[in-house]
file query_22.cif (mmCIF, C-alpha atoms)
data_query
#
loop_
_atom_site.group_PDB
_atom_site.id
_atom_site.type_symbol
_atom_site.label_atom_id
_atom_site.label_comp_id
_atom_site.auth_asym_id
_atom_site.auth_seq_id
_atom_site.Cartn_x
_atom_site.Cartn_y
_atom_site.Cartn_z
ATOM 1 C CA TYR W 1 0.000 0.000 0.000
ATOM 2 C CA LYS W 2 2.782 2.455 0.898
ATOM 3 C CA SER W 3 4.667 1.703 -2.313
ATOM 4 C CA TYR W 4 1.492 2.318 -4.382
ATOM 5 C CA LEU W 5 1.052 5.713 -2.725
ATOM 6 C CA ARG W 6 4.686 6.504 -3.471
ATOM 7 C CA MET W 7 4.158 5.562 -7.131
ATOM 8 C CA ALA W 8 1.232 8.012 -7.267
ATOM 9 C CA LEU W 9 3.681 10.806 -6.488
ATOM 10 C CA TYR W 10 5.624 10.315 -9.719
ATOM 11 C CA SER W 11 5.147 12.797 -12.532
ATOM 12 C CA LYS W 12 5.050 11.862 -16.218
ATOM 13 C CA GLN W 13 8.644 13.089 -16.555
ATOM 14 C CA ASP W 14 9.749 10.869 -13.646
ATOM 15 C CA ILE W 15 8.193 7.834 -15.306
ATOM 16 C CA ILE W 16 9.616 8.652 -18.756
ATOM 17 C CA GLN W 17 13.073 8.929 -17.199
ATOM 18 C CA LYS W 18 12.886 5.947 -14.812
ATOM 19 C CA LEU W 19 11.482 3.607 -17.482
ATOM 20 C CA ASN W 20 13.783 4.932 -20.260
ATOM 21 C CA MET W 21 10.795 5.740 -22.450
ATOM 22 C CA THR W 22 11.051 7.372 -25.862
ATOM 23 C CA LEU W 23 8.503 8.929 -28.223
ATOM 24 C CA HIS W 24 6.320 6.396 -29.997
ATOM 25 C CA GLU W 25 5.276 6.921 -33.614
ATOM 26 C CA GLU W 26 1.690 5.957 -32.726
ATOM 27 C CA GLY W 27 1.610 8.722 -30.094
ATOM 28 C CA GLY W 28 2.709 8.845 -26.469
ATOM 29 C CA TYR W 29 5.841 7.139 -25.147
ATOM 30 C CA PHE W 30 7.085 3.560 -24.909
ATOM 31 C CA ALA W 31 9.908 1.300 -23.777
ATOM 32 C CA GLU W 32 10.377 -2.302 -24.831
ATOM 33 C CA VAL W 33 11.080 -4.275 -21.666
ATOM 34 C CA TYR W 34 11.019 -7.867 -22.875
ATOM 35 C CA ARG W 35 11.695 -9.788 -26.072
ATOM 36 C CA ASN W 36 11.831 -13.550 -25.741
ATOM 37 C CA THR W 37 14.830 -15.031 -27.548
ATOM 38 C CA VAL W 38 12.807 -18.117 -28.482
ATOM 39 C CA THR W 39 11.243 -17.665 -31.912
ATOM 40 C CA MET W 40 8.398 -19.269 -33.781
ATOM 41 C CA ALA W 41 7.742 -19.647 -37.486
ATOM 42 C CA THR W 42 4.871 -17.628 -38.974
ATOM 43 C CA LYS W 43 3.560 -17.036 -42.486
ATOM 44 C CA ARG W 44 4.359 -13.330 -42.141
ATOM 45 C CA ALA W 45 7.088 -11.306 -43.868
ATOM 46 C CA GLY W 46 10.432 -12.455 -42.489
ATOM 47 C CA THR W 47 8.645 -15.541 -41.062
ATOM 48 C CA ASP W 48 10.196 -15.944 -37.594
ATOM 49 C CA ARG W 49 8.910 -13.933 -34.630
ATOM 50 C CA SER W 50 9.788 -13.860 -30.965
ATOM 51 C CA ILE W 51 7.152 -15.872 -29.130
ATOM 52 C CA CYS W 52 6.380 -12.860 -26.893
ATOM 53 C CA THR W 53 7.346 -9.208 -26.444
ATOM 54 C CA SER W 54 6.302 -6.647 -23.854
ATOM 55 C CA ILE W 55 6.382 -2.861 -23.632
ATOM 56 C CA TYR W 56 5.415 -0.030 -21.351
ATOM 57 C CA TYR W 57 3.194 2.482 -23.147
ATOM 58 C CA MET W 58 2.091 5.856 -21.802
ATOM 59 C CA LEU W 59 -0.110 8.697 -23.006
ATOM 60 C CA THR W 60 0.264 12.097 -21.363
ATOM 61 C CA ASP W 61 -1.615 15.363 -21.164
ATOM 62 C CA THR W 62 0.771 16.739 -23.816
ATOM 63 C CA ARG W 63 0.596 13.572 -25.996
ATOM 64 C CA PRO W 64 -2.931 12.301 -25.212
ATOM 65 C CA ILE W 65 -3.718 10.335 -28.385
ATOM 66 C CA GLY W 66 -2.553 7.021 -29.810
ATOM 67 C CA ILE W 67 -3.582 7.096 -33.478
ATOM 68 C CA PHE W 68 -5.403 4.298 -35.305
ATOM 69 C CA HIS W 69 -3.253 1.325 -36.200
ATOM 70 C CA ARG W 70 -3.547 -2.447 -36.268
ATOM 71 C CA ASN W 71 -1.257 -5.325 -35.467
ATOM 72 C CA ARG W 72 -1.448 -8.847 -36.800
ATOM 73 C CA SER W 73 -0.831 -10.306 -33.329
ATOM 74 C CA ASN W 74 -3.122 -10.379 -30.309
ATOM 75 C CA ILE W 75 -2.162 -7.783 -27.701
ATOM 76 C CA VAL W 76 -2.936 -7.986 -23.991
ATOM 77 C CA HIS W 77 -3.092 -4.533 -22.354
ATOM 78 C CA TYR W 78 -2.502 -4.154 -18.595
ATOM 79 C CA PHE W 79 -3.284 -0.975 -16.655
ATOM 80 C CA HIS W 80 -0.420 0.088 -14.369
ATOM 81 C CA LEU W 81 -0.679 3.639 -13.085
ATOM 82 C CA GLY W 82 -2.221 7.081 -13.517
ATOM 83 C CA SER W 83 -5.471 7.944 -15.252
ATOM 84 C CA ALA W 84 -7.704 5.720 -17.338
ATOM 85 C CA LEU W 85 -7.182 5.295 -21.081
ATOM 86 C CA THR W 86 -10.080 4.937 -23.509
ATOM 87 C CA TYR W 87 -9.681 2.483 -26.402
ATOM 88 C CA TYR W 88 -11.627 2.678 -29.653
ATOM 89 C CA ILE W 89 -11.526 -0.710 -31.383
ATOM 90 C CA ILE W 90 -12.920 -1.399 -34.849
ATOM 91 C CA TYR W 91 -13.498 -5.073 -35.659
ATOM 92 C CA PRO W 92 -12.966 -5.609 -39.403
ATOM 93 C CA SER W 93 -15.118 -8.766 -39.468
ATOM 94 C CA ASP W 94 -18.366 -6.868 -38.835
ATOM 95 C CA GLY W 95 -17.392 -3.160 -38.648
ATOM 96 C CA ARG W 96 -18.395 -2.952 -34.988
ATOM 97 C CA LEU W 97 -16.871 -0.177 -32.859
ATOM 98 C CA GLU W 98 -16.161 -1.093 -29.233
ATOM 99 C CA VAL W 99 -15.161 1.484 -26.622
ATOM 100 C CA VAL W 100 -13.301 0.102 -23.596
ATOM 101 C CA THR W 101 -11.746 2.050 -20.747
ATOM 102 C CA LEU W 102 -8.576 0.598 -19.252
ATOM 103 C CA GLY W 103 -8.167 1.949 -15.739
ATOM 104 C CA PRO W 104 -8.415 1.416 -11.987
ATOM 105 C CA ASP W 105 -12.070 2.306 -11.333
ATOM 106 C CA LEU W 106 -13.907 -0.992 -11.563
ATOM 107 C CA ASP W 107 -17.075 0.606 -10.155
ATOM 108 C CA ARG W 108 -17.256 2.826 -13.266
ATOM 109 C CA GLY W 109 -16.852 -0.118 -15.635
ATOM 110 C CA GLN W 110 -13.134 0.296 -16.240
ATOM 111 C CA VAL W 111 -11.066 -2.857 -16.741
ATOM 112 C CA LEU W 112 -7.569 -3.655 -15.494
ATOM 113 C CA GLN W 113 -6.657 -5.690 -18.545
ATOM 114 C CA MET W 114 -8.057 -6.417 -21.977
ATOM 115 C CA VAL W 115 -7.166 -8.268 -25.171
ATOM 116 C CA ILE W 116 -7.330 -6.681 -28.609
ATOM 117 C CA PRO W 117 -7.402 -9.386 -31.270
ATOM 118 C CA GLY W 118 -4.933 -9.226 -34.119
ATOM 119 C CA GLY W 119 -6.314 -7.436 -37.173
ATOM 120 C CA CYS W 120 -8.480 -4.971 -35.243
ATOM 121 C CA TRP W 121 -7.932 -1.241 -35.642
ATOM 122 C CA LYS W 122 -7.315 0.560 -32.341
ATOM 123 C CA ALA W 123 -6.830 4.106 -31.125
ATOM 124 C CA THR W 124 -6.327 5.314 -27.567
ATOM 125 C CA GLU W 125 -7.064 8.517 -25.676
ATOM 126 C CA LEU W 126 -6.107 9.947 -22.297
ATOM 127 C CA GLU W 127 -9.197 12.033 -21.549
ATOM 128 C CA GLU W 128 -8.047 13.486 -18.230
ATOM 129 C CA GLY W 129 -5.089 13.501 -15.882
ATOM 130 C CA GLU W 130 -1.355 13.923 -16.403
ATOM 131 C CA PHE W 131 -0.659 10.406 -17.712
ATOM 132 C CA GLY W 132 -1.914 6.845 -18.099
ATOM 133 C CA LEU W 133 0.675 4.044 -17.995
ATOM 134 C CA LEU W 134 0.035 0.531 -19.235
ATOM 135 C CA GLY W 135 1.860 -2.572 -20.322
ATOM 136 C CA GLU W 136 1.340 -4.585 -23.492
ATOM 137 C CA ALA W 137 2.211 -8.229 -24.144
ATOM 138 C CA VAL W 138 2.243 -9.221 -27.824
ATOM 139 C CA VAL W 139 2.006 -12.857 -28.992
ATOM 140 C CA PRO W 140 3.616 -13.680 -31.403
ATOM 141 C CA GLY W 141 6.033 -10.908 -30.509
ATOM 142 C CA PHE W 142 5.901 -7.448 -32.029
ATOM 143 C CA ASP W 143 7.607 -6.842 -35.358
ATOM 144 C CA CYS W 144 7.095 -3.546 -37.187
ATOM 145 C CA ARG W 145 6.315 -5.493 -40.381
ATOM 146 C CA ASP W 146 3.152 -6.727 -38.638
ATOM 147 C CA ARG W 147 1.732 -3.258 -37.909
ATOM 148 C CA ASP W 148 -0.238 -0.994 -40.221
ATOM 149 C CA MET W 149 -0.735 2.687 -39.502
ATOM 150 C CA ALA W 150 -4.193 3.825 -40.615
ATOM 151 C CA GLU W 151 -4.605 5.828 -43.779
ATOM 152 C CA CYS W 152 -7.478 8.070 -42.746
ATOM 153 C CA GLU W 153 -9.383 8.205 -46.036
ATOM 154 C CA GLU W 154 -9.065 4.442 -46.568
ATOM 155 C CA LEU W 155 -10.352 3.696 -43.074
ATOM 156 C CA VAL W 156 -13.298 6.112 -43.541
ATOM 157 C CA ARG W 157 -14.175 4.406 -46.859
ATOM 158 C CA GLU W 158 -14.088 0.989 -45.164
ATOM 159 C CA PHE W 159 -16.016 2.076 -42.043
ATOM 160 C CA PRO W 160 -18.052 5.201 -42.957
ATOM 161 C CA GLN W 161 -20.313 4.707 -39.934
ATOM 162 C CA HIS W 162 -17.327 5.598 -37.707
ATOM 163 C CA GLU W 163 -16.063 8.600 -39.670
ATOM 164 C CA ALA W 164 -16.054 11.073 -36.746
ATOM 165 C CA ILE W 165 -14.019 8.761 -34.486
ATOM 166 C CA ILE W 166 -11.653 7.770 -37.302
ATOM 167 C CA ARG W 167 -10.935 11.393 -38.229
ATOM 168 C CA LYS W 168 -10.356 12.314 -34.583
ATOM 169 C CA PHE W 169 -7.743 9.557 -34.177
ATOM 170 C CA CYS W 170 -5.954 9.510 -37.529
ATOM 171 C CA GLU W 171 -2.662 11.179 -38.219
ATOM 172 C CA GLY W 172 -3.517 14.231 -40.255
ATOM 173 C CA GLY W 173 -7.036 14.339 -38.778
ATOM 174 C CA ASP W 174 -7.943 16.423 -35.726
ATOM 175 C CA GLY W 175 -5.830 14.141 -33.525
ATOM 176 C CA GLN W 176 -2.156 14.373 -33.001
ATOM 177 C CA LYS W 177 0.596 11.858 -32.800
#
call {"tool": "encode", "arguments": {"input": "query_22.cif", "output": "structure tokens"}}
result
Amino acid sequence: YKSYLRMALYSKQDIIQKLNMTLHEEGGYFAEVYRNTVTMATKRAGTDRSICTSIYYMLTDTRPIGIFHRNRSNIVHYFHLGSALTYYIIYPSDGRLEVVTLGPDLDRGQVLQMVIPGGCWKATELEEGEFGLLGEAVVPGFDCRDRDMAECEELVREFPQHEAIIRKFCEGGDGQK
């Protein structure tokens, strides 16, 4: 309990420094903390992937948006510290938009962890607070060849029913990176 209270005293700059985080091209900050040396064969470009990777990811009040992108692997997201983060997930199979809040307030419907299936488009927003820190585990492990950054106009053509959300969270839209 005392250590949790002490963690609450950290600022976003403290966390960026202590976790050796750098700017992430999707928005926010990240640090890769684990990459398993065991690999597995896939049918993806370059074939072999680490069986699992893990990162810290953080949005801040000055970088509050993670823009739409998708990964071919499943990603488990774990809330760690700070304010809640809202996820906007578009399922390509049926075009459904799901909004999930990753955070500590279970009474308000927030969740401590969630899985985003590979192939889904996702964007993230810190709606309030100085920062929201989470962890991500990717299986098979992350490889930049497995990620697609959204092209705003293409995504709007594919999912016109979600145009307002897509434009808000696309690079070059109202959002920022």
call {"tool": "residues_around", "arguments": {"input": "query_22.cif", "residues": "Asn74 in chain W", "least_positions_apart": "6", "cutoff": "7 Å", "atoms": "all atoms listed in the file", "output": "list in words"}}
result
Val115, Ile116, Pro117, Gly118, Val138 and Val139 of chain W
call {"tool": "resolve_selection", "arguments": {"input": "query_22.cif", "expression": "the PyMOL selection byres ((chain W and resi 95) around 10)", "output": "list in words"}}
result
Ile89, Ile90, Tyr91, Pro92, Ser93, Asp94, Arg96, Leu97, Glu98, Cys120, Glu158, Phe159, Pro160, Gln161 and His162 of chain W
call {"tool": "write_last_selection", "arguments": {"input": "query_22.cif", "atoms": "C-alpha atoms", "output": "CSV table (one decimal), keeping the file's coordinate frame"}}
result
chain,number,residue,atom,x,y,z
W,89,ILE,CA,-11.5,-0.7,-31.4
W,90,ILE,CA,-12.9,-1.4,-34.8
W,91,TYR,CA,-13.5,-5.1,-35.7
W,92,PRO,CA,-13.0,-5.6,-39.4
W,93,SER,CA,-15.1,-8.8,-39.5
W,94,ASP,CA,-18.4,-6.9,-38.8
W,96,ARG,CA,-18.4,-3.0,-35.0
W,97,LEU,CA,-16.9,-0.2,-32.9
W,98,GLU,CA,-16.2,-1.1,-29.2
W,120,CYS,CA,-8.5,-5.0,-35.2
W,158,GLU,CA,-14.1,1.0,-45.2
W,159,PHE,CA,-16.0,2.1,-42.0
W,160,PRO,CA,-18.1,5.2,-43.0
W,161,GLN,CA,-20.3,4.7,-39.9
W,162,HIS,CA,-17.3,5.6,-37.7
call {"tool": "residues_around", "arguments": {"input": "query_22.cif", "residues": "Ser83 in chain W", "least_positions_apart": "2", "cutoff": "9 Å", "atoms": "all atoms listed in the file", "output": "list in words"}}
result
Leu81, Leu85, Leu102, Gly103, Pro104, Leu126, Glu127, Glu128, Gly129, Glu130, Phe131, Gly132 and Leu133 of chain W
call {"tool": "closest_residue", "arguments": {"input": "query_22.cif", "among": "W:Thr124, W:Asn36, W:Thr42, W:Thr22", "to": "Ser73 in chain W", "atoms": "all atoms listed in the file"}}
result
W:Thr42
call {"tool": "residues_near_point", "arguments": {"input": "query_22.cif", "point": "(8.9, -8.6, -27.5)", "cutoff": "10 Å", "atoms": "only C-alpha atoms", "output": "JSON, numbers by chain"}}
result
{"W": [32, 33, 34, 35, 36, 37, 49, 50, 51, 52, 53, 54, 55, 136, 137, 138, 139, 140, 141, 142, 143]}
call {"tool": "closest_residue", "arguments": {"input": "query_22.cif", "among": "W:Val111, W:Ile75, W:Ala150, W:Ile67", "to": "Lys168 in chain W", "atoms": "all atoms listed in the file"}}
result
W:Ile67
call {"tool": "closest_residue", "arguments": {"input": "query_22.cif", "among": "W:His77, W:Val100, W:Cys144, W:Arg167", "to": "Gln113 in chain W", "atoms": "all atoms listed in the file"}}
result
W:His77
call {"tool": "axis_aligned_box", "arguments": {"input": "query_22.cif", "around": "range 37-49 of chain W", "padding_each_side": "6 Å", "output": "lines of an AutoDock Vina configuration file"}}
result
center_x = 9.2
center_y = -15.5
center_z = -35.7
size_x = 23.3
size_y = 20.3
size_z = 28.3
call {"tool": "closest_residue", "arguments": {"input": "query_22.cif", "among": "W:Glu171, W:Glu125, W:Glu151, W:Asp48", "to": "Ile65 in chain W", "atoms": "only C-alpha atoms"}}
result
W:Glu125
